[in-house]
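Dropping protein.pdb in here (PDB, C-alpha atoms):
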ATOM      1  CA  MET A  28      70.447 -36.695  -0.607
ATOM      2  CA  ARG A  29      69.851 -40.396  -0.091
ATOM      3  CA  ALA A  30      66.747 -41.234   1.947
ATOM      4  CA  LEU A  31      66.449 -44.637   3.649
ATOM      5  CA  TYR A  32      63.330 -46.121   5.205
ATOM      6  CA  PHE A  33      63.092 -49.041   7.622
ATOM      7  CA  ALA A  34      60.497 -51.395   9.130
ATOM      8  CA  TRP A  35      56.849 -50.218   8.866
ATOM      9  CA  ILE A  36      57.897 -46.869   7.451
ATOM     10  CA  ARG A  37      59.572 -48.712   4.553
ATOM     11  CA  GLU A  38      56.481 -50.898   4.092
ATOM     12  CA  ARG A  39      54.048 -47.974   4.034
ATOM     13  CA  ILE A  40      56.144 -45.974   1.568
ATOM     14  CA  GLY A  41      56.751 -49.076  -0.531
ATOM     15  CA  LYS A  42      60.480 -48.627  -1.004
ATOM     16  CA  ALA A  43      63.655 -49.003   1.055
ATOM     17  CA  GLU A  44      65.552 -46.037  -0.340
ATOM     18  CA  GLU A  45      65.477 -43.243  -2.877
ATOM     19  CA  GLU A  46      67.300 -40.097  -3.920
ATOM     20  CA  ILE A  47      65.469 -36.955  -2.791
ATOM     21  CA  VAL A  48      66.062 -33.327  -3.727
ATOM     22  CA  VAL A  49      64.457 -31.087  -1.135
ATOM     23  CA  PRO A  50      63.614 -27.400  -1.702
ATOM     24  CA  GLU A  51      65.729 -24.766   0.083
ATOM     25  CA  THR A  52      62.942 -24.113   2.559
ATOM     26  CA  VAL A  53      63.487 -27.622   3.987
ATOM     27  CA  VAL A  54      66.069 -27.043   6.729
ATOM     28  CA  THR A  55      65.528 -29.570   9.526
ATOM     29  CA  VAL A  56      64.678 -33.264   9.885
ATOM     30  CA  ALA A  57      61.125 -32.205  10.810
ATOM     31  CA  ASP A  58      60.939 -30.181   7.592
ATOM     32  CA  VAL A  59      61.935 -33.265   5.570
ATOM     33  CA  ILE A  60      59.206 -35.292   7.296
ATOM     34  CA  ALA A  61      56.601 -32.608   6.509
ATOM     35  CA  TRP A  62      57.813 -32.303   2.917
ATOM     36  CA  LEU A  63      57.772 -36.088   2.320
ATOM     37  CA  SER A  64      54.321 -36.357   3.944
ATOM     38  CA  GLY A  65      52.984 -34.047   1.253
ATOM     39  CA  LYS A  66      54.136 -36.268  -1.610
ATOM     40  CA  ASP A  67      51.249 -38.751  -1.500
ATOM     41  CA  GLU A  68      49.037 -40.739   0.848
ATOM     42  CA  CYS A  69      51.633 -43.515   1.305
ATOM     43  CA  TYR A  70      54.204 -41.065   2.675
ATOM     44  CA  ALA A  71      51.494 -39.352   4.706
ATOM     45  CA  ALA A  72      50.552 -42.720   6.268
ATOM     46  CA  ALA A  73      54.196 -43.555   6.977
ATOM     47  CA  PHE A  74      54.806 -40.272   8.792
ATOM     48  CA  GLU A  75      51.365 -39.652  10.342
ATOM     49  CA  SER A  76      52.575 -40.228  13.916
ATOM     50  CA  THR A  77      55.654 -37.982  14.021
ATOM     51  CA  LYS A  78      56.502 -38.876  17.609
ATOM     52  CA  SER A  79      56.962 -42.517  16.507
ATOM     53  CA  ILE A  80      59.523 -41.479  13.894
ATOM     54  CA  ARG A  81      63.237 -41.652  14.656
ATOM     55  CA  ALA A  82      65.809 -40.240  12.263
ATOM     56  CA  ALA A  83      69.504 -40.489  11.516
ATOM     57  CA  LEU A  84      71.776 -38.191   9.544
ATOM     58  CA  ASP A  85      74.800 -39.902   8.013
ATOM     59  CA  ARG A  86      74.217 -42.935  10.280
ATOM     60  CA  THR A  87      74.032 -40.971  13.532
ATOM     61  CA  HIS A  88      70.827 -40.486  15.543
ATOM     62  CA  ALA A  89      69.368 -37.026  14.940
ATOM     63  CA  ARG A  90      66.577 -35.081  16.650
ATOM     64  CA  HIS A  91      63.710 -33.701  14.603
ATOM     65  CA  ASP A  92      65.043 -30.155  15.071
ATOM     66  CA  ALA A  93      68.508 -31.082  13.725
ATOM     67  CA  PRO A  94      69.580 -29.205  10.584
ATOM     68  CA  ILE A  95      70.107 -31.431   7.547
ATOM     69  CA  ALA A  96      72.712 -29.148   5.936
ATOM     70  CA  GLY A  97      75.680 -31.130   4.643
ATOM     71  CA  ALA A  98      74.180 -34.566   5.303
ATOM     72  CA  ARG A  99      74.417 -37.067   2.444
ATOM     73  CA  GLU A 100      72.114 -39.687   3.959
ATOM     74  CA  ILE A 101      68.922 -39.333   5.972
ATOM     75  CA  ALA A 102      67.135 -42.329   7.438
ATOM     76  CA  PHE A 103      63.704 -42.709   8.997
ATOM     77  CA  PHE A 104      62.681 -45.587  11.250
ATOM     78  CA  PRO A 105      60.454 -46.493  14.194
ATOM     79  CA  PRO A 106      61.828 -46.765  17.754
ATOM     80  CA  MET A 107      64.391 -49.569  17.866
ATOM     81  CA  THR A 108      63.424 -53.054  19.037
ATOM     82  CA  GLY A 109      66.658 -55.024  18.795
ATOM     83  CA  GLY A 110      68.501 -56.926  21.487
TER      84      GLY A 110
ATOM     85  CA  MET B  25      95.090 -49.530  27.320
ATOM     86  CA  ASP B  26      92.154 -49.627  24.913
ATOM     87  CA  PRO B  27      90.303 -52.862  25.429
ATOM     88  CA  ALA B  28      89.739 -55.230  22.540
ATOM     89  CA  ALA B  29      86.339 -54.316  21.073
ATOM     90  CA  ILE B  30      84.763 -56.652  18.561
ATOM     91  CA  VAL B  31      81.400 -55.726  16.998
ATOM     92  CA  ARG B  32      79.702 -57.896  14.391
ATOM     93  CA  VAL B  33      76.292 -57.844  12.740
ATOM     94  CA  GLN B  34      75.552 -61.091  10.943
ATOM     95  CA  ALA B  35      72.828 -63.468   9.785
ATOM     96  CA  GLU B  36      74.662 -66.596  10.967
ATOM     97  CA  PRO B  37      74.443 -68.079  14.469
ATOM     98  CA  PHE B  38      77.393 -67.512  16.784
ATOM     99  CA  SER B  39      79.442 -69.684  19.120
ATOM    100  CA  ILE B  40      79.573 -68.328  22.667
ATOM    101  CA  GLU B  41      82.713 -70.373  23.410
ATOM    102  CA  ALA B  42      84.523 -69.029  20.353
ATOM    103  CA  GLU B  43      83.597 -65.420  21.188
ATOM    104  CA  ILE B  44      84.801 -65.781  24.804
ATOM    105  CA  ALA B  45      88.056 -67.249  23.485
ATOM    106  CA  ARG B  46      88.646 -64.105  21.393
ATOM    107  CA  LEU B  47      88.960 -62.138  24.630
ATOM    108  CA  THR B  48      90.678 -64.678  26.875
ATOM    109  CA  ARG B  49      93.110 -66.526  24.596
ATOM    110  CA  GLY B  50      96.667 -65.985  25.777
ATOM    111  CA  ARG B  51      95.579 -63.786  28.696
ATOM    112  CA  THR B  52      96.455 -64.534  32.317
ATOM    113  CA  ASP B  53      95.505 -61.171  33.810
ATOM    114  CA  LEU B  54      91.702 -61.450  33.526
ATOM    115  CA  GLY B  55      89.539 -62.188  36.539
ATOM    116  CA  ALA B  56      86.052 -62.125  35.033
ATOM    117  CA  VAL B  57      84.133 -62.839  31.870
ATOM    118  CA  VAL B  58      80.403 -62.141  31.745
ATOM    119  CA  THR B  59      78.238 -63.252  28.831
ATOM    120  CA  PHE B  60      74.665 -62.321  28.037
ATOM    121  CA  THR B  61      72.776 -64.135  25.294
ATOM    122  CA  GLY B  62      69.396 -62.894  24.104
ATOM    123  CA  LEU B  63      67.162 -65.672  22.761
ATOM    124  CA  CYS B  64      64.084 -65.750  20.559
ATOM    125  CA  ARG B  65      61.072 -66.543  22.799
ATOM    126  CA  ASP B  66      58.159 -68.502  21.341
ATOM    127  CA  GLU B  67      55.577 -66.445  23.310
ATOM    128  CA  GLY B  68      53.776 -69.486  24.667
ATOM    129  CA  GLY B  69      53.954 -71.330  21.357
ATOM    130  CA  ALA B  70      52.359 -68.507  19.340
ATOM    131  CA  LEU B  71      55.516 -67.320  17.595
ATOM    132  CA  ALA B  72      56.670 -69.107  14.436
ATOM    133  CA  ALA B  73      59.686 -66.874  13.730
ATOM    134  CA  LEU B  74      61.175 -63.449  14.188
ATOM    135  CA  GLU B  75      62.399 -61.376  11.280
ATOM    136  CA  ILE B  76      65.033 -58.837  12.258
ATOM    137  CA  GLU B  77      65.695 -55.859  10.007
ATOM    138  CA  HIS B  78      68.708 -53.618  10.531
ATOM    139  CA  TYR B  79      70.375 -50.524   9.127
ATOM    140  CA  PRO B  80      73.638 -51.835   7.642
ATOM    141  CA  GLY B  81      76.560 -49.638   8.545
ATOM    142  CA  MET B  82      74.771 -47.655  11.226
ATOM    143  CA  ALA B  83      74.065 -50.815  13.244
ATOM    144  CA  GLU B  84      77.784 -51.578  13.581
ATOM    145  CA  GLU B  85      78.677 -47.919  14.167
ATOM    146  CA  GLU B  86      76.005 -47.387  16.809
ATOM    147  CA  ILE B  87      76.976 -50.543  18.703
ATOM    148  CA  GLY B  88      80.575 -49.305  18.487
ATOM    149  CA  ARG B  89      79.551 -45.998  20.075
ATOM    150  CA  VAL B  90      77.767 -47.839  22.900
ATOM    151  CA  VAL B  91      80.835 -50.052  23.453
ATOM    152  CA  ALA B  92      83.044 -46.926  23.565
ATOM    153  CA  GLU B  93      80.758 -45.430  26.202
ATOM    154  CA  ALA B  94      80.914 -48.635  28.289
ATOM    155  CA  SER B  95      84.721 -48.638  27.985
ATOM    156  CA  ALA B  96      84.813 -45.034  29.204
ATOM    157  CA  ARG B  97      82.687 -45.907  32.249
ATOM    158  CA  TRP B  98      84.339 -49.137  33.381
ATOM    159  CA  PRO B  99      87.911 -50.499  33.240
ATOM    160  CA  LEU B 100      87.149 -53.245  30.724
ATOM    161  CA  GLU B 101      89.762 -55.537  29.209
ATOM    162  CA  GLY B 102      87.650 -56.641  26.265
ATOM    163  CA  VAL B 103      84.166 -56.536  24.755
ATOM    164  CA  VAL B 104      82.420 -58.607  22.090
ATOM    165  CA  VAL B 105      78.970 -57.734  20.754
ATOM    166  CA  VAL B 106      77.351 -59.883  18.063
ATOM    167  CA  HIS B 107      73.826 -59.083  16.818
ATOM    168  CA  ARG B 108      72.013 -61.219  14.271
ATOM    169  CA  TYR B 109      69.526 -60.179  11.610
ATOM    170  CA  GLY B 110      67.233 -62.053   9.228
ATOM    171  CA  GLU B 111      64.962 -64.942  10.167
ATOM    172  CA  ILE B 112      65.379 -66.205  13.738
ATOM    173  CA  LEU B 113      63.512 -69.240  15.040
ATOM    174  CA  PRO B 114      62.253 -69.738  18.613
ATOM    175  CA  GLY B 115      65.094 -70.907  20.834
ATOM    176  CA  ASP B 116      67.758 -69.426  18.578
ATOM    177  CA  PRO B 117      70.191 -66.796  19.861
ATOM    178  CA  ILE B 118      69.713 -63.174  18.702
ATOM    179  CA  VAL B 119      72.369 -61.156  20.496
ATOM    180  CA  LEU B 120      75.554 -61.843  22.436
ATOM    181  CA  VAL B 121      77.433 -59.507  24.766
ATOM    182  CA  VAL B 122      80.728 -60.619  26.304
ATOM    183  CA  THR B 123      82.644 -58.391  28.708
ATOM    184  CA  ALA B 124      86.012 -59.166  30.240
ATOM    185  CA  GLY B 125      87.655 -57.432  33.165
ATOM    186  CA  ARG B 126      90.047 -57.940  36.025
ATOM    187  CA  HIS B 127      87.105 -58.082  38.448
ATOM    188  CA  ARG B 128      83.485 -59.154  38.163
ATOM    189  CA  GLY B 129      81.971 -55.780  39.124
ATOM    190  CA  GLU B 130      82.887 -53.962  35.945
ATOM    191  CA  ALA B 131      82.164 -56.997  33.754
ATOM    192  CA  PHE B 132      78.624 -57.441  35.148
ATOM    193  CA  ALA B 133      77.815 -53.725  35.097
ATOM    194  CA  ALA B 134      79.129 -53.148  31.579
ATOM    195  CA  ALA B 135      77.239 -56.165  30.166
ATOM    196  CA  SER B 136      73.991 -54.912  31.687
ATOM    197  CA  PHE B 137      74.630 -51.350  30.448
ATOM    198  CA  LEU B 138      75.469 -52.577  26.950
ATOM    199  CA  MET B 139      72.216 -54.511  26.641
ATOM    200  CA  ASP B 140      70.083 -51.659  28.024
ATOM    201  CA  TYR B 141      71.683 -49.201  25.615
ATOM    202  CA  LEU B 142      71.682 -51.513  22.592
ATOM    203  CA  LYS B 143      67.952 -52.093  22.884
ATOM    204  CA  THR B 144      67.151 -48.397  22.591
ATOM    205  CA  LYS B 145      69.977 -47.141  20.343
ATOM    206  CA  ALA B 146      71.069 -49.834  17.891
ATOM    207  CA  PRO B 147      69.017 -49.708  14.655
ATOM    208  CA  PHE B 148      67.331 -53.126  14.643
ATOM    209  CA  TRP B 149      63.606 -53.848  14.307
ATOM    210  CA  LYS B 150      61.814 -57.099  15.084
ATOM    211  CA  LYS B 151      58.809 -58.381  13.168
ATOM    212  CA  GLU B 152      56.850 -61.231  14.734
ATOM    213  CA  HIS B 153      55.487 -63.972  12.527
ATOM    214  CA  ARG B 154      52.771 -65.705  14.524
ATOM    215  CA  ARG B 155      51.556 -69.212  13.733
ATOM    216  CA  GLY B 156      48.755 -69.106  11.187
ATOM    217  CA  ALA B 157      48.842 -65.317  10.879
ATOM    218  CA  VAL B 158      49.874 -63.449   7.743
ATOM    219  CA  PRO B 159      51.424 -60.905   7.549
ATOM    220  CA  GLY B 160      53.678 -60.410  10.564
ATOM    221  CA  ASP B 161      53.495 -57.564  13.084
ATOM    222  CA  TRP B 162      56.274 -55.141  13.950
ATOM    223  CA  VAL B 163      57.174 -55.313  17.619
ATOM    224  CA  ALA B 164      56.426 -52.049  19.443
ATOM    225  CA  ALA B 165      59.200 -50.469  21.505
ATOM    226  CA  LYS B 166      58.626 -50.891  25.233
ATOM    227  CA  ALA B 167      58.612 -48.043  27.743
ATOM    228  CA  GLU B 168      60.510 -50.261  30.213
ATOM    229  CA  ASP B 169      63.389 -50.545  27.730
ATOM    230  CA  ASP B 170      63.659 -46.746  27.637
ATOM    231  CA  ALA B 171      63.493 -46.676  31.438
ATOM    232  CA  ALA B 172      66.235 -49.329  31.647
ATOM    233  CA  ALA B 173      68.544 -47.211  29.475
ATOM    234  CA  GLU B 174      67.574 -44.033  31.337
ATOM    235  CA  LYS B 175      68.682 -45.405  34.716
ATOM    236  CA  TRP B 176      72.339 -45.261  33.606
ATOM    237  CA  ARG B 177      72.229 -41.492  33.075
ATOM    238  CA  GLY B 178      73.065 -38.801  35.614
TER     239      GLY B 178
END
Take the structure in this file and express it as structure tokens.
Amino acid sequence: MRALYFAWIRERIGKAEEEIVVPETVVTVADVIAWLSGKDECYAAAFESTKSIRAALDRTHARHDAPIAGAREIAFFPPMTGG
Amino acid sequence: MDPAAIVRVQAEPFSIEAEIARLTRGRTDLGAVVTFTGLCRDEGGALAALEIEHYPGMAEEEIGRVVAEASARWPLEGVVVVHRYGEILPGDPIVLVVTAGRHRGEAFAAASFLMDYLKTKAPFWKKEHRRGAVPGDWVAAKAEDDAAAEKWRG
């Protein structure tokens, strides 16, 4: 699936998007966060405060307990500050 | 009747007059147009510029969902939402909400609702570039913005 990162999450990881292939044991948004956090210290720093992480599946807001099955795009970003 | 709903996400400035005209041109049945314009504050002279990042695609779709919710709550005759991204200088407009209705009540309420919801749901992030400071700082989300959106529930 396509993973997109925004704002300080993007900066800490050092890229705006990438293709990820998660193992079968990764079922929910929270699982993806935990799996990415284990990749290296940049990902770990980006996701260290999980309650500051918002997610979207196929461009729709998703809770951390949402299943990722079938989604083509997952995005991670901080709480929104537009307007 | 489904109201006219226009949602745009763009780098360029917008014309408030032109956006109002999109809803009112040729109409004689409208009684109220409310506009809200969000501006870039200079924070007492400290701010040099804002940089606004967005999630292309989702930004438009999420604003569209918020507009649909406003249209379900109030009898609106038209809505325009324009949100800018990129570099914004102090004094420049960031966001525009225009609501049109037969009466002022629904136009005022829907404009206020749209702004409260946009701030917490539309995927935009502001980075502040302060004078003499490098790099910029991401703006933290405010609890009062969540509270403002929350008051419309229930």
Within 12 Å of chain B, which residues of chain A are there when counting only C-alpha atoms? Please give them as an NGL selection string. :A and (31-38 or 43-44 or 79-89 or 100-110)
Kindly provide, as a VMD selection string, the polymer residues lying within 7 Å of (69.6, -35.4, 2.8), counting all atoms listed in the file and using the coordinates exactly as they appear in the file. chain A and resid 28 to 30 95 98 to 101
Within 12 Å of file point (84.1, -56.1, 17.8), counting all atoms listed in the file, expressed as a compact mmCIF listing (two decimals) with C-alpha atoms, in the frame of the given file:
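Output (point02.txt):
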# COMPACT_ATOMS: atom_id res chain seq x y z
CA PRO B 27 90.30 -52.86 25.43
CA ALA B 28 89.74 -55.23 22.54
CA ALA B 29 86.34 -54.32 21.07
CA ILE B 30 84.76 -56.65 18.56
CA VAL B 31 81.40 -55.73 17.00
CA ARG B 32 79.70 -57.90 14.39
CA VAL B 33 76.29 -57.84 12.74
CA GLU B 43 83.60 -65.42 21.19
CA ILE B 44 84.80 -65.78 24.80
CA ARG B 46 88.65 -64.10 21.39
CA LEU B 47 88.96 -62.14 24.63
CA GLU B 84 77.78 -51.58 13.58
CA GLU B 85 78.68 -47.92 14.17
CA GLU B 86 76.00 -47.39 16.81
CA ILE B 87 76.98 -50.54 18.70
CA GLY B 88 80.58 -49.30 18.49
CA ARG B 89 79.55 -46.00 20.08
CA VAL B 90 77.77 -47.84 22.90
CA VAL B 91 80.83 -50.05 23.45
CA ALA B 92 83.04 -46.93 23.56
CA GLY B 102 87.65 -56.64 26.26
CA VAL B 103 84.17 -56.54 24.76
CA VAL B 104 82.42 -58.61 22.09
CA VAL B 105 78.97 -57.73 20.75
CA VAL B 106 77.35 -59.88 18.06
CA HIS B 107 73.83 -59.08 16.82
CA LEU B 120 75.55 -61.84 22.44
CA VAL B 121 77.43 -59.51 24.77
CA VAL B 122 80.73 -60.62 26.30
CA THR B 123 82.64 -58.39 28.71
What is the distance, in Å and to one decimal place, between atom CA of Ala57 of chain A and atom CA of Ala93 of chain A?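 If I compute the distance from atom CA of Ala57 of chain A to atom CA of Ala93 of chain A, I get 8.0 Å.
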So how many Å separate atom CA of Val58 of chain B and atom CA of Ala131 of chain B, to one decimal?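 Atom-to-atom, atom CA of Val58 of chain B to atom CA of Ala131 of chain B, that is 5.8 Å.
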Test item: residues at most 12 Å from Thr52 of chain A, all atoms listed in the file, excluding those fewer than 4 positions along its chain, as an mmCIF file with C-alpha atoms, keeping the file's coordinate frame:
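Written out: result_11.cif:
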data_model
loop_
_atom_site.group_PDB
_atom_site.id
_atom_site.type_symbol
_atom_site.label_atom_id
_atom_site.label_comp_id
_atom_site.auth_asym_id
_atom_site.auth_seq_id
_atom_site.Cartn_x
_atom_site.Cartn_y
_atom_site.Cartn_z
ATOM 1 C CA VAL A 48 66.062 -33.327 -3.727
ATOM 2 C CA VAL A 56 64.678 -33.264 9.885
ATOM 3 C CA ALA A 57 61.125 -32.205 10.810
ATOM 4 C CA ASP A 58 60.939 -30.181 7.592
ATOM 5 C CA VAL A 59 61.935 -33.265 5.570
ATOM 6 C CA ALA A 61 56.601 -32.608 6.509
ATOM 7 C CA TRP A 62 57.813 -32.303 2.917
ATOM 8 C CA PRO A 94 69.580 -29.205 10.584
ATOM 9 C CA ILE A 95 70.107 -31.431 7.547
ATOM 10 C CA ALA A 96 72.712 -29.148 5.936
#
Could you tell me how far atom CA of Ser39 of chain B sits from atom CA of Arg65 of chain B, in Å to one decimal place?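 Atom CA of Ser39 of chain B lies 19.0 Å from atom CA of Arg65 of chain B.
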Centre and edges of the segment 41-54 of chain A box, axis-aligned, 6 Å extra per side, as AutoDock Vina command-line options:
--center_x 62.0 --center_y -36.6 --center_z 1.4 --size_x 22.5 --size_y 37.0 --size_z 22.6
Got a sec: who's within 12 Å of Gly68 of chain B, counting only C-alpha atoms, leaving out chain neighbours fewer than 6 positions off, as an NGL selection string? :B and (114 or 154-155)
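Among B:Gly160, B:Ser95, B:Trp176, B:Asp66, the residue with the shortest atom-to-atom distance to Asp116 of chain B, counting all atoms listed in the file, is B:Asp66.
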Looking at A:Ala73, A:Lys78, A:Val54, A:His91, which one is nearest to Ile40 of chain A, with distances taken over all atoms listed in the file? A:Ala73
Find the residues near Glu75 of chain A: any atom within 10 Å, counting all atoms listed in the file, skip ones fewer than 6 places away on the same chain, and give them as a list in words.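 My list of contacting residues is Ile60, Ala61, Ser64, Glu68 and Cys69 of chain A.
Nearest residue to Lys42 of chain A, choosing from A:Gly65, A:Tyr70, A:Arg90, A:Thr77 and counting all atoms listed in the file: A:Tyr70.
Shortest atom-to-atom contact with Gly97 of chain A among A:Arg39, A:Phe74, A:Glu45, A:Thr55: A:Thr55, counting only C-alpha atoms.
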